[in-house]
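A.B. asks: Provided below: final_15.cif, containing mmCIF, C-alpha atoms and all ligand atoms.
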data_structure
loop_
_atom_site.label_atom_id
_atom_site.label_comp_id
_atom_site.auth_asym_id
_atom_site.auth_seq_id
_atom_site.Cartn_x
_atom_site.Cartn_y
_atom_site.Cartn_z
CA MET A 14 128.78 135.00 48.11
CA THR A 15 125.75 137.11 48.96
CA HIS A 16 123.04 138.48 46.74
CA VAL A 17 122.10 141.07 49.36
CA PHE A 18 123.10 144.58 48.24
CA PRO A 19 124.90 145.57 51.41
CA ARG A 20 124.73 149.07 52.79
CA HIS A 21 128.44 149.08 53.54
CA THR A 22 129.93 147.31 50.55
CA LYS A 23 133.29 146.50 52.15
CA ALA A 24 131.91 145.06 55.35
CA ASN A 25 131.46 141.39 55.97
CA PRO A 26 128.91 141.59 58.77
CA PRO A 27 128.02 138.81 61.18
CA VAL A 28 124.58 137.29 60.71
CA ALA A 29 122.10 138.41 63.37
CA ALA A 30 120.42 135.21 64.57
CA TYR A 31 118.14 136.34 67.38
CA GLY A 32 117.49 139.05 69.93
CA ASP A 33 117.62 138.70 73.70
CA GLY A 34 116.55 141.86 75.54
CA CYS A 35 119.34 144.42 75.04
CA TYR A 36 121.48 141.92 73.11
CA ILE A 37 121.74 140.78 69.51
CA VAL A 38 123.21 137.29 69.14
CA ASP A 39 124.94 136.27 65.91
CA THR A 40 124.98 132.82 64.30
CA ASN A 41 128.30 132.05 66.06
CA GLY A 42 126.70 132.71 69.43
CA LYS A 43 128.53 136.01 70.03
CA ARG A 44 126.45 138.51 72.01
CA TYR A 45 126.46 142.23 71.22
CA PHE A 46 124.99 144.79 73.60
CA ASP A 47 122.85 147.02 71.40
CA GLY A 48 124.25 150.35 72.56
CA SER A 49 122.61 152.51 69.93
CA GLY A 50 119.49 150.57 68.95
CA GLY A 51 120.75 150.56 65.35
CA ALA A 52 120.32 154.28 65.27
CA ALA A 53 117.95 155.02 68.15
CA VAL A 54 115.37 152.48 67.02
CA SER A 55 115.21 149.59 69.48
CA CYS A 56 113.88 151.34 72.58
CA LEU A 57 112.28 148.12 73.89
CA GLY A 58 115.19 145.84 73.12
CA HIS A 59 114.81 142.83 70.86
CA SER A 60 112.48 140.23 72.28
CA ASP A 61 109.48 141.99 73.70
CA PRO A 62 106.71 139.40 74.14
CA GLU A 63 103.81 141.89 74.16
CA VAL A 64 104.79 143.55 70.90
CA THR A 65 105.40 140.16 69.30
CA ALA A 66 101.96 138.97 70.47
CA ALA A 67 100.29 142.15 69.16
CA ILE A 68 101.83 141.62 65.72
CA LYS A 69 100.80 137.96 65.65
CA ALA A 70 97.25 138.78 66.72
CA GLN A 71 96.92 141.46 64.04
CA VAL A 72 98.30 139.26 61.27
CA GLU A 73 95.85 136.56 62.25
CA LYS A 74 92.96 139.04 62.03
CA ILE A 75 94.07 141.01 58.98
CA ALA A 76 97.64 141.94 58.04
CA PHE A 77 96.85 144.69 55.54
CA ALA A 78 93.90 146.69 54.27
CA HIS A 79 94.47 149.61 51.90
CA THR A 80 93.64 153.04 53.33
CA GLY A 81 91.98 153.94 50.04
CA PHE A 82 89.11 151.77 51.28
CA PHE A 83 89.48 151.17 55.00
CA THR A 84 90.87 152.39 58.25
CA SER A 85 91.82 149.88 60.96
CA GLU A 86 91.42 149.56 64.71
CA PRO A 87 95.15 149.72 65.50
CA ALA A 88 95.62 152.81 63.29
CA GLU A 89 92.71 154.62 64.98
CA GLU A 90 93.83 153.69 68.49
CA LEU A 91 97.46 154.54 67.80
CA ALA A 92 96.54 157.97 66.42
CA ASP A 93 94.32 158.65 69.46
CA LEU A 94 97.07 157.79 71.91
CA LEU A 95 99.71 159.78 70.01
CA ILE A 96 97.48 162.86 69.98
CA GLU A 97 96.37 162.45 73.58
CA ARG A 98 100.04 162.73 74.61
CA ALA A 99 101.15 165.25 71.98
CA PRO A 100 102.11 168.90 72.56
CA PRO A 101 99.18 171.36 72.24
CA GLY A 102 97.73 172.00 68.82
CA LEU A 103 98.75 168.73 67.17
CA ASP A 104 95.56 167.02 66.14
CA ARG A 105 95.92 164.60 63.22
CA VAL A 106 98.29 161.76 62.39
CA TYR A 107 99.38 160.52 58.97
CA PHE A 108 101.10 157.12 59.12
CA VAL A 109 103.97 156.20 56.80
CA SER A 110 106.70 153.56 56.79
CA GLY A 111 109.72 155.46 58.12
CA GLY A 112 111.45 158.73 58.87
CA SER A 113 112.24 159.91 55.35
CA GLU A 114 108.66 159.27 54.26
CA ALA A 115 107.42 161.27 57.23
CA MET A 116 109.62 164.19 56.20
CA GLU A 117 108.48 164.04 52.57
CA ALA A 118 104.88 164.09 53.73
CA ALA A 119 105.63 167.06 55.99
CA LEU A 120 107.17 169.09 53.17
CA LYS A 121 104.29 168.36 50.80
CA LEU A 122 101.65 169.09 53.43
CA ALA A 123 103.32 172.42 54.23
CA ARG A 124 103.24 173.37 50.56
CA GLN A 125 99.64 172.25 50.10
CA TYR A 126 98.56 174.17 53.22
CA PHE A 127 99.80 177.44 51.73
CA LEU A 128 98.22 176.67 48.37
CA GLU A 129 94.88 176.10 50.13
CA LYS A 130 95.31 179.49 51.82
CA GLY A 131 96.11 181.21 48.53
CA GLU A 132 99.68 181.99 49.61
CA THR A 133 101.00 180.41 46.46
CA SER A 134 104.50 181.86 46.48
CA ARG A 135 105.43 180.13 49.73
CA HIS A 136 107.69 177.21 48.83
CA ARG A 137 111.15 177.77 50.31
CA VAL A 138 112.43 175.63 53.17
CA ILE A 139 115.03 176.78 55.68
CA ALA A 140 116.90 174.20 57.74
CA ARG A 141 120.25 173.97 59.52
CA ARG A 142 123.71 173.00 58.37
CA GLN A 143 124.02 170.37 61.11
CA SER A 144 121.06 168.17 60.27
CA TYR A 145 119.91 164.96 58.69
CA HIS A 146 116.28 164.53 57.69
CA GLY A 147 116.39 161.40 55.54
CA ASN A 148 117.70 160.04 52.26
CA THR A 149 114.78 160.57 49.87
CA LEU A 150 115.24 163.61 47.67
CA GLY A 151 113.08 166.15 49.53
CA ALA A 152 114.39 165.07 52.92
CA LEU A 153 117.97 164.95 51.62
CA ALA A 154 117.66 168.47 50.22
CA THR A 155 116.36 169.66 53.57
CA GLY A 156 119.25 168.18 55.55
CA GLY A 157 122.55 170.00 55.75
CA ASN A 158 124.85 167.00 55.59
CA GLN A 159 127.18 167.89 52.70
CA TRP A 160 128.65 164.43 52.19
CA ARG A 161 125.24 162.87 51.72
CA ARG A 162 123.91 165.71 49.57
CA GLU A 163 126.73 166.33 47.15
CA PRO A 164 126.35 163.54 44.56
CA PHE A 165 122.63 164.24 44.21
CA SER A 166 122.67 168.03 44.38
CA PRO A 167 121.45 168.58 40.78
CA LEU A 168 118.28 166.67 41.66
CA MET A 169 117.37 168.72 44.68
CA ILE A 170 114.90 171.44 45.60
CA GLU A 171 116.59 174.65 46.66
CA THR A 172 116.95 174.89 50.45
CA SER A 173 118.66 177.41 52.75
CA HIS A 174 120.81 176.31 55.66
CA ILE A 175 121.49 178.46 58.71
CA ALA A 176 123.80 177.81 61.66
CA PRO A 177 123.02 174.95 64.01
CA CYS A 178 122.70 175.44 67.75
CA TYR A 179 125.95 173.67 68.63
CA GLU A 180 127.19 175.16 71.86
CA TYR A 181 130.43 173.15 72.07
CA ARG A 182 131.82 174.74 68.92
CA GLY A 183 129.63 177.75 68.32
CA ARG A 184 129.42 179.71 71.57
CA LEU A 185 131.80 182.66 71.65
CA ALA A 186 133.97 183.59 74.62
CA GLY A 187 132.08 186.03 76.82
CA GLU A 188 128.69 184.97 75.48
CA THR A 189 126.18 183.20 77.74
CA ALA A 190 124.51 180.03 76.50
CA PHE A 191 121.24 181.95 76.26
CA GLU A 192 122.80 184.79 74.24
CA TYR A 193 124.40 182.26 71.94
CA GLY A 194 121.05 180.55 71.34
CA GLN A 195 119.34 183.86 70.53
CA ARG A 196 122.14 184.84 68.16
CA VAL A 197 121.98 181.65 66.12
CA ALA A 198 118.17 181.60 66.17
CA ASP A 199 118.24 185.12 64.75
CA GLU A 200 119.97 183.77 61.66
CA LEU A 201 116.51 182.47 60.77
CA GLU A 202 115.17 186.02 60.82
CA THR A 203 118.01 187.19 58.56
CA GLU A 204 117.44 184.38 56.06
CA ILE A 205 113.67 185.01 55.97
CA GLN A 206 114.37 188.70 55.25
CA ARG A 207 116.75 187.73 52.47
CA LEU A 208 114.28 185.35 50.81
CA GLY A 209 111.17 187.44 51.49
CA SER A 210 108.79 185.89 54.01
CA GLU A 211 106.11 185.56 51.32
CA ASN A 212 108.34 182.92 49.70
CA VAL A 213 109.14 180.86 52.80
CA MET A 214 106.92 177.97 53.88
CA ALA A 215 108.79 176.21 56.68
CA PHE A 216 111.71 175.99 59.04
CA VAL A 217 112.82 172.43 59.77
CA ALA A 218 114.92 171.26 62.72
CA GLU A 219 115.63 168.30 64.97
CA PRO A 220 115.01 169.35 68.60
CA VAL A 221 118.05 167.28 69.63
CA VAL A 222 120.39 166.66 66.69
CA GLY A 223 121.10 163.00 66.02
CA ALA A 224 123.18 161.43 63.31
CA THR A 225 125.14 164.43 62.01
CA ALA A 226 126.80 165.45 65.25
CA GLY A 227 125.70 163.15 68.04
CA ALA A 228 122.99 164.08 70.53
CA VAL A 229 123.35 167.87 70.43
CA PRO A 230 120.67 169.50 72.59
CA PRO A 231 119.70 173.13 72.02
CA VAL A 232 120.52 175.78 74.63
CA GLU A 233 117.71 177.21 76.69
CA GLY A 234 115.52 179.69 74.86
CA TYR A 235 116.70 178.73 71.37
CA PHE A 236 113.52 177.01 70.21
CA LYS A 237 111.28 179.63 71.87
CA ARG A 238 112.98 182.29 69.75
CA ILE A 239 112.70 180.07 66.64
CA ARG A 240 108.97 179.58 67.33
CA GLU A 241 108.52 183.33 67.74
CA ILE A 242 110.26 184.11 64.45
CA CYS A 243 108.18 181.49 62.59
CA ASP A 244 104.95 182.92 64.09
CA ASN A 245 105.91 186.50 63.24
CA HIS A 246 106.23 185.54 59.59
CA GLY A 247 103.44 182.95 59.32
CA ILE A 248 106.00 180.23 58.62
CA LEU A 249 105.43 176.62 59.69
CA LEU A 250 107.74 174.99 62.22
CA ILE A 251 108.42 171.38 61.24
CA LEU A 252 110.15 169.43 64.00
CA ASP A 253 111.93 166.23 63.04
CA GLU A 254 111.75 163.92 66.04
CA VAL A 255 112.48 160.82 64.00
CA MET A 256 115.51 160.06 66.17
CA CYS A 257 115.01 162.06 69.34
CA GLY A 258 111.26 161.48 69.80
CA MET A 259 109.25 158.66 71.41
CA GLY A 260 110.80 159.05 74.83
CA ARG A 261 114.43 158.88 73.75
CA THR A 262 115.34 162.18 75.44
CA GLY A 263 113.18 161.63 78.54
CA THR A 264 109.78 162.94 77.43
CA LEU A 265 107.56 161.29 74.85
CA TYR A 266 108.05 164.21 72.46
CA ALA A 267 111.47 165.87 72.64
CA CYS A 268 110.16 169.41 72.04
CA GLU A 269 108.20 169.31 75.32
CA GLN A 270 111.46 170.06 77.11
CA ASP A 271 111.99 173.26 75.15
CA GLY A 272 108.49 174.57 75.80
CA VAL A 273 107.51 174.73 72.12
CA THR A 274 105.12 172.93 69.87
CA ALA A 275 105.36 172.21 66.17
CA ASP A 276 102.91 172.82 63.34
CA ILE A 277 104.08 169.53 61.86
CA LEU A 278 106.05 166.93 63.79
CA CYS A 279 107.68 163.78 62.40
CA ILE A 280 108.37 160.58 64.30
CA ALA A 281 109.58 157.09 63.31
CA LYS A 282 112.33 154.80 64.69
CA GLY A 283 111.21 154.37 68.34
CA LEU A 284 107.56 154.42 67.24
CA GLY A 285 107.83 150.88 65.92
CA ALA A 286 110.91 150.15 68.04
CA GLY A 287 112.19 148.07 65.11
CA TYR A 288 109.39 145.52 65.38
CA GLN A 289 107.74 146.96 62.28
CA PRO A 290 108.75 149.76 59.89
CA ILE A 291 106.53 152.73 60.72
CA GLY A 292 106.73 156.51 60.89
CA ALA A 293 104.19 159.25 61.33
CA MET A 294 103.58 162.89 60.61
CA LEU A 295 101.48 164.80 63.13
CA CYS A 296 99.92 168.09 62.11
CA SER A 297 97.92 170.87 63.71
CA ALA A 298 94.15 171.19 63.43
CA VAL A 299 94.69 174.49 61.57
CA ILE A 300 96.63 172.78 58.80
CA TYR A 301 94.28 169.82 58.61
CA GLU A 302 91.21 172.03 58.41
CA ALA A 303 92.71 174.20 55.67
CA VAL A 304 93.19 171.07 53.56
CA GLU A 305 89.83 169.57 54.46
CA GLN A 306 87.95 172.77 53.70
CA GLY A 307 90.04 173.44 50.60
CA SER A 308 90.67 170.69 48.11
CA GLY A 309 89.38 168.11 50.60
CA PHE A 310 92.29 165.69 50.57
CA PHE A 311 96.04 165.64 51.05
CA GLN A 312 97.57 165.08 47.65
CA HIS A 313 100.01 162.40 48.74
CA GLY A 314 100.09 158.71 49.60
CA HIS A 315 101.96 155.43 49.63
CA THR A 316 100.69 151.85 49.43
CA TYR A 317 101.60 151.09 53.02
CA ILE A 318 100.29 154.17 54.83
CA GLY A 319 98.46 153.16 58.00
CA HIS A 320 99.59 149.54 57.61
CA PRO A 321 97.50 147.67 60.22
CA THR A 322 100.26 145.29 61.35
CA ALA A 323 102.78 148.11 61.68
CA CYS A 324 100.20 150.17 63.60
CA ALA A 325 99.42 147.21 65.90
CA ALA A 326 103.11 146.86 66.73
CA ALA A 327 103.48 150.60 67.32
CA LEU A 328 100.37 150.66 69.50
CA ALA A 329 101.84 147.92 71.70
CA VAL A 330 105.13 149.86 71.84
CA LEU A 331 103.42 153.14 72.68
CA ARG A 332 101.34 151.54 75.44
CA LYS A 333 104.56 150.36 77.04
CA LEU A 334 106.29 153.71 76.58
CA THR A 335 103.41 155.69 78.08
CA GLY A 336 102.72 152.99 80.68
CA GLY A 337 105.91 153.77 82.61
CA LEU A 338 108.86 152.94 80.39
CA VAL A 339 109.63 156.55 79.44
CA ASP A 340 109.86 157.32 83.18
CA ARG A 341 113.00 155.18 83.31
CA VAL A 342 114.77 157.23 80.63
CA ASN A 343 115.88 160.27 82.63
CA PRO A 344 117.20 158.42 85.70
CA LEU A 345 119.01 155.90 83.48
CA GLY A 346 120.24 158.69 81.21
CA ASP A 347 121.64 160.63 84.18
CA ALA A 348 123.40 157.49 85.40
CA LEU A 349 124.79 156.85 81.91
CA HIS A 350 126.02 160.43 81.68
CA ALA A 351 127.71 160.14 85.10
CA ALA A 352 129.36 156.85 84.08
CA LEU A 353 130.58 158.36 80.79
CA THR A 354 131.95 161.37 82.65
CA ASP A 355 133.70 159.04 85.08
CA ALA A 356 135.21 156.92 82.34
CA PHE A 357 136.00 159.59 79.73
CA GLY A 358 135.73 162.99 81.41
CA GLN A 359 139.52 163.36 81.72
CA HIS A 360 140.42 161.54 78.51
CA PRO A 361 142.77 163.73 76.42
CA ASN A 362 140.76 162.96 73.26
CA VAL A 363 137.31 163.61 74.64
CA GLY A 364 136.10 167.12 73.92
CA ASP A 365 132.47 166.94 74.97
CA ILE A 366 130.02 164.54 76.61
CA ARG A 367 126.44 165.61 75.95
CA GLY A 368 122.85 164.66 75.34
CA ARG A 369 119.51 164.17 77.03
CA GLY A 370 117.87 161.06 78.46
CA LEU A 371 119.16 157.89 76.83
CA PHE A 372 120.48 159.85 73.87
CA ARG A 373 124.14 160.57 74.67
CA ALA A 374 127.28 161.26 72.71
CA ILE A 375 130.99 161.77 73.10
CA GLU A 376 132.80 164.11 70.74
CA ILE A 377 136.34 163.00 70.04
CA VAL A 378 139.14 165.48 69.35
CA GLU A 379 142.87 165.36 68.80
CA ASP A 380 143.52 168.29 71.14
CA ARG A 381 141.10 168.76 73.95
CA ALA A 382 142.06 172.33 74.88
CA ALA A 383 142.06 173.63 71.31
CA LYS A 384 139.09 171.39 70.30
CA THR A 385 141.08 170.40 67.22
CA PRO A 386 139.45 167.45 65.47
CA PHE A 387 141.34 164.46 64.14
CA ASP A 388 142.21 164.38 60.47
CA PRO A 389 139.25 162.53 58.88
CA LYS A 390 141.80 160.36 57.01
CA ARG A 391 142.61 158.68 60.33
CA GLY A 392 139.08 157.24 60.32
CA ILE A 393 138.85 157.41 64.12
CA ASN A 394 135.11 156.80 64.22
CA LYS A 395 135.33 153.73 61.99
CA ALA A 396 138.17 152.28 64.06
CA LEU A 397 136.17 152.87 67.24
CA LYS A 398 133.09 151.24 65.79
CA LYS A 399 135.12 148.14 64.93
CA ALA A 400 136.95 148.00 68.26
CA ALA A 401 133.68 148.37 70.19
CA PHE A 402 132.01 145.73 68.02
CA ASP A 403 134.91 143.33 68.70
CA GLU A 404 134.28 143.94 72.41
CA GLY A 405 130.61 143.03 71.90
CA LEU A 406 129.16 146.53 71.85
CA ALA A 407 127.19 147.77 68.86
CA CYS A 408 127.29 151.57 68.95
CA TYR A 409 127.13 154.33 66.41
CA PRO A 410 130.38 156.21 65.90
CA MET A 411 130.02 158.78 63.13
CA GLY A 412 132.10 161.45 61.51
CA GLY A 413 131.07 164.47 59.56
CA THR A 414 132.06 167.94 58.49
CA ILE A 415 130.08 170.93 59.64
CA ASP A 416 131.15 174.42 58.61
CA GLY A 417 134.46 172.98 57.47
CA VAL A 418 135.20 171.34 60.84
CA HIS A 419 135.41 167.56 60.93
CA GLY A 420 133.91 165.86 63.95
CA ASP A 421 134.18 162.31 65.25
CA HIS A 422 131.61 161.21 67.76
CA VAL A 423 130.13 158.13 69.38
CA LEU A 424 126.36 158.06 69.78
CA LEU A 425 124.75 155.94 72.47
CA ALA A 426 121.02 155.23 72.38
CA PRO A 427 120.48 152.05 74.38
CA PRO A 428 117.14 150.33 75.03
CA PHE A 429 114.99 151.85 77.80
CA ILE A 430 114.76 148.38 79.38
CA MET A 431 118.47 148.33 80.23
CA SER A 432 119.48 147.84 83.85
CA GLU A 433 121.79 150.11 85.88
CA ASP A 434 124.37 147.29 85.88
CA GLN A 435 124.43 147.27 82.10
CA ILE A 436 125.55 150.91 82.14
CA GLY A 437 128.86 149.66 83.56
CA GLU A 438 129.03 147.01 80.85
CA VAL A 439 128.54 149.63 78.10
CA THR A 440 131.08 152.11 79.46
CA GLY A 441 133.56 149.29 80.20
CA LYS A 442 133.38 147.95 76.65
CA LEU A 443 133.62 151.44 75.22
CA ALA A 444 136.62 152.26 77.42
CA ARG A 445 138.43 149.15 76.15
CA ALA A 446 137.63 150.19 72.57
CA PHE A 447 139.05 153.67 73.27
CA LYS A 448 142.24 152.07 74.64
CA THR A 449 142.64 150.04 71.45
CA VAL A 450 142.19 153.02 69.13
CA LEU A 451 143.41 156.15 70.96
N1 LIG A 501 115.28 162.28 60.35
C1 LIG A 501 116.20 162.00 61.29
C2 LIG A 501 116.45 163.00 62.37
C3 LIG A 501 116.89 160.80 61.27
O1 LIG A 501 117.81 160.54 62.20
C4 LIG A 501 116.60 159.85 60.24
C5 LIG A 501 117.30 158.51 60.17
N2 LIG A 501 118.54 158.42 60.73
C6 LIG A 501 115.64 160.19 59.29
C7 LIG A 501 114.99 161.40 59.37
C8 LIG A 501 115.29 159.24 58.18
O2 LIG A 501 114.60 158.14 58.67
P1 LIG A 501 114.56 156.76 57.86
O3 LIG A 501 115.96 156.25 57.83
O4 LIG A 501 113.63 155.91 58.68
O5 LIG A 501 114.02 157.06 56.52
#
Output the file's structure in the form of structure tokens.
Ligand code: PMP
C.D. replies:
Amino acid sequence: MTHVFPRHTKANPPVAAYGDGCYIVDTNGKRYFDGSGGAAVSCLGHSDPEVTAAIKAQVEKIAFAHTGFFTSEPAEELADLLIERAPPGLDRVYFVSGGSEAMEAALKLARQYFLEKGETSRHRVIARRQSYHGNTLGALATGGNQWRREPFSPLMIETSHIAPCYEYRGRLAGETAFEYGQRVADELETEIQRLGSENVMAFVAEPVVGATAGAVPPVEGYFKRIREICDNHGILLILDEVMCGMGRTGTLYACEQDGVTADILCIAKGLGAGYQPIGAMLCSAVIYEAVEQGSGFFQHGHTYIGHPTACAAALAVLRKLTGGLVDRVNPLGDALHAALTDAFGQHPNVGDIRGRGLFRAIEIVEDRAAKTPFDPKRGINKALKKAAFDEGLACYPMGGTIDGVHGDHVLLAPPFIMSEDQIGEVTGKLARAFKTVL
């Protein structure tokens, strides 16, 4: 009998006893390779001595001081380092406790920015159908994930959703990847015209899509066109790097690879690497100054913003990421991609193997040539999750419906500290799970 309100009510999960590098060990001594870091959280693995020491040292000095009265050394240093490495224009950091909170803050800051500028009708948000931005109401309304949205739809702000940039399913025969990207980006233009640009405040997107479809990178030129459309209409670009940021795709900020910058950028997960709950919203100097010179303060806040212990943990994480760890991500990611292609490239139920850095996914289909998905009733992703877990691999198989098409995929987001040898262990365990289920 448990009094914990479990996330998955039917599951009877093992009890995580301790962490050992890339492994989680349960109370029976069974070891699980953490193949997805929960969901792209544990970039340093589970027993990093420096992060642990930083947390201990901070708690011994002062665990918490409310930002209504104080700032703290770790918060100041963390913000400096984040901005020093950030894409051009981003200048200020607002710390929160997770990804959804970062997205809520982003939406409210966007709205307040336009109020400060006297553009009071700007309130509409445009996002994409293939997206997840969090489970709080504003973030949930922004995301396009129908299954998560539906029960709560009467509570939500009105949001528009345009096509995702999902080359595997969206690119037409005879169309180049570039042409495809421009075509779907232009849906933003059409939606802005329909709403009237004077009513639109922001476009929101994940540079590399995470939970809804599994590590979907944009095609070349897509985000440049999106940036151009936003600029033409004075609309803010909010990039959600909660999952794909903090080195996960090979650069500290994912958008660097697409040659664009955001007006507001959200990070979480890998920022605290699971050692502490922390997220952040970065914003441009232009936005910050409009607020500072207008009403003088951002009309938002939570008790734990800028939590010193969480910031101390994140600072220790970020020093490791920027001190060489992110440099491991692309070579390891390429090796992982090659190993996945070796193991699954010819599998009759594998439609696509994709991703960037250590953010990789396999899309599973019933018919490879026709790209026909499995009937969701077969619960392929759940069966794979269980079979992989039995093999001692924790990974993140997900299913979802986008534009009426069901998709099953397996997301891999292993720790950046993994060795080349462990790539073989991951693909071997996953291959045995595939054999059990498919
Ligand atoms: N945005 C994205 C892209 C995410 O993947 C997630 C979490 N999966 C969130 C926002 C929400 O973050 P959190 O669960 O920390 O609230």
A.B. asks: Distance limit 6 Å, reference ligand LIG 501 (chain A), atoms considered: all atoms listed in the file. Which residues make the cut? Give them as a PDB file with C-alpha atoms, keeping the file's coordinate frame.
C.D. replies:
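Full text of selection-v1.pdb as output:
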ATOM      1  CA  GLY A 111     109.720 155.460  58.120  1.00  0.00           C
ATOM      2  CA  GLY A 112     111.450 158.730  58.870  1.00  0.00           C
ATOM      3  CA  SER A 113     112.240 159.910  55.350  1.00  0.00           C
ATOM      4  CA  TYR A 145     119.910 164.960  58.690  1.00  0.00           C
ATOM      5  CA  HIS A 146     116.280 164.530  57.690  1.00  0.00           C
ATOM      6  CA  GLY A 147     116.390 161.400  55.540  1.00  0.00           C
ATOM      7  CA  GLU A 219     115.630 168.300  64.970  1.00  0.00           C
ATOM      8  CA  GLY A 223     121.100 163.000  66.020  1.00  0.00           C
ATOM      9  CA  ALA A 224     123.180 161.430  63.310  1.00  0.00           C
ATOM     10  CA  ASP A 253     111.930 166.230  63.040  1.00  0.00           C
ATOM     11  CA  VAL A 255     112.480 160.820  64.000  1.00  0.00           C
ATOM     12  CA  MET A 256     115.510 160.060  66.170  1.00  0.00           C
TER      13      MET A 256
END
A.B. asks: Please identify all polymer residues lying at most 9 Å from the point (112.4, 171.4, 47.8) (file coordinates), using only C-alpha atoms, and present the result as a PyMOL selection string.
C.D. replies: chain A and resi 120+136-138+150-152+154-155+169-172
A.B. asks: What's around stretch 201-203 of chain A at 8 Å? Count only C-alpha atoms, leave out sequence neighbours fewer than 2 positions away in its own chain, and write the answer as a PyMOL selection string.
C.D. replies: chain A and resi 139+175+197-199+205-207+239+242
A.B. asks: With all atoms listed in the file as the atoms that count, which of A:Arg369, A:Thr15, A:Asn212, A:Ala326 lies nearest to A:Ala70?
C.D. replies: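 Checking each of A:Arg369, A:Thr15, A:Asn212, A:Ala326 against A:Ala70, counting all atoms listed in the file, the winner is A:Ala326.
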A.B. asks: Please, which residues in stretch 65-160 of chain A fall within 8 Å of stretch 262-281 of chain A when counting all atoms listed in the file, and what is the closest atom pair and distance in Å to one decimal for each, ordered by chain then residue number, as CSV?
C.D. replies:
residue,atom,partner,partner_atom,distance
A:Arg98,CA,A:Leu265,CA,7.7
A:Ala99,CA,A:Tyr266,CA,7.0
A:Pro100,CA,A:Thr274,CA,5.7
A:Pro101,CA,A:Thr274,CA,6.6
A:Gly102,CA,A:Thr274,CA,7.5
A:Leu103,CA,A:Asp276,CA,7.0
A:Ser110,CA,A:Ala281,CA,8.0
A:Gly111,CA,A:Ala281,CA,5.4
A:Gly112,CA,A:Ala281,CA,5.1
A:Ala115,CA,A:Cys279,CA,5.8
A:Met116,CA,A:Cys279,CA,6.5
A:Ala119,CA,A:Ile277,CA,6.6
A.B. asks: In Å to one decimal, how far is atom CA of A:Leu338 from atom CA of A:Ile375?
C.D. replies: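 Those two atoms sit 24.9 Å apart.
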A.B. asks: So which residues touch stretch 398-409 of chain A within 8 Å, counting only C-alpha atoms, skipping near sequence neighbours fewer than 5 positions away, as a list in words?
C.D. replies: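 The filter keeps Lys43, Arg44, Tyr45, Phe46, Asp47, Gly48, Ser49, Gly50, Gly51, Ala52, Val423, Leu424, Leu425, Val439, Lys442, Leu443, Arg445, Ala446, Phe447, Thr449 and Val450 of chain A.
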A.B. asks: I'd like the neighbourhood of stretch 121-123 of chain A as JSON, numbers by chain, where a residue qualifies if any of its atoms comes within 9 Å (using only C-alpha atoms), though same-chain residues fewer than 6 positions away should be ignored.
C.D. replies: {"A": [136, 214, 215, 249, 251, 277, 296, 300, 304, 311, 312, 313]}
A.B. asks: May I have the protein, DNA and RNA residues with any atom at most 8 Å from the point (102.0, 151.7, 67.4), counting only C-alpha atoms, written as a ChimeraX atom specification?
C.D. replies: /A:87-88,91,284-285,323-331
A.B. asks: Restricting the output to C-alpha atoms, write the selected residues as a PDB file, in the coordinates of the input.
C.D. replies:
ATOM      1  CA  PRO A  87      95.150 149.720  65.500  1.00  0.00           C
ATOM      2  CA  ALA A  88      95.620 152.810  63.290  1.00  0.00           C
ATOM      3  CA  LEU A  91      97.460 154.540  67.800  1.00  0.00           C
ATOM      4  CA  LEU A 284     107.560 154.420  67.240  1.00  0.00           C
ATOM      5  CA  GLY A 285     107.830 150.880  65.920  1.00  0.00           C
ATOM      6  CA  ALA A 323     102.780 148.110  61.680  1.00  0.00           C
ATOM      7  CA  CYS A 324     100.200 150.170  63.600  1.00  0.00           C
ATOM      8  CA  ALA A 325      99.420 147.210  65.900  1.00  0.00           C
ATOM      9  CA  ALA A 326     103.110 146.860  66.730  1.00  0.00           C
ATOM     10  CA  ALA A 327     103.480 150.600  67.320  1.00  0.00           C
ATOM     11  CA  LEU A 328     100.370 150.660  69.500  1.00  0.00           C
ATOM     12  CA  ALA A 329     101.840 147.920  71.700  1.00  0.00           C
ATOM     13  CA  VAL A 330     105.130 149.860  71.840  1.00  0.00           C
ATOM     14  CA  LEU A 331     103.420 153.140  72.680  1.00  0.00           C
TER      15      LEU A 331
END
A.B. asks: Show me that you can extract stretch 120-125 of chain A, keeping N, CA and C atoms, and write it as an mmCIF file, in the first residue's frame.
C.D. replies:
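As written to disk, part-v6.cif reads:
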data_model
loop_
_atom_site.group_PDB
_atom_site.id
_atom_site.type_symbol
_atom_site.label_atom_id
_atom_site.label_comp_id
_atom_site.auth_asym_id
_atom_site.auth_seq_id
_atom_site.Cartn_x
_atom_site.Cartn_y
_atom_site.Cartn_z
ATOM 1 N N LEU A 120 5.094 33.472 -21.480
ATOM 2 C CA LEU A 120 3.829 33.968 -22.045
ATOM 3 C C LEU A 120 3.425 35.277 -21.367
ATOM 4 N N LYS A 121 3.585 35.329 -20.046
ATOM 5 C CA LYS A 121 3.179 36.544 -19.336
ATOM 6 C C LYS A 121 4.125 37.706 -19.638
ATOM 7 N N LEU A 122 5.407 37.411 -19.785
ATOM 8 C CA LEU A 122 6.351 38.488 -20.118
ATOM 9 C C LEU A 122 6.058 39.043 -21.521
ATOM 10 N N ALA A 123 5.733 38.142 -22.444
ATOM 11 C CA ALA A 123 5.415 38.600 -23.811
ATOM 12 C C ALA A 123 4.219 39.558 -23.769
ATOM 13 N N ARG A 124 3.212 39.148 -23.036
ATOM 14 C CA ARG A 124 2.012 40.000 -22.930
ATOM 15 C C ARG A 124 2.361 41.346 -22.270
ATOM 16 N N GLN A 125 3.110 41.284 -21.185
ATOM 17 C CA GLN A 125 3.425 42.536 -20.476
ATOM 18 C C GLN A 125 4.277 43.459 -21.354
#
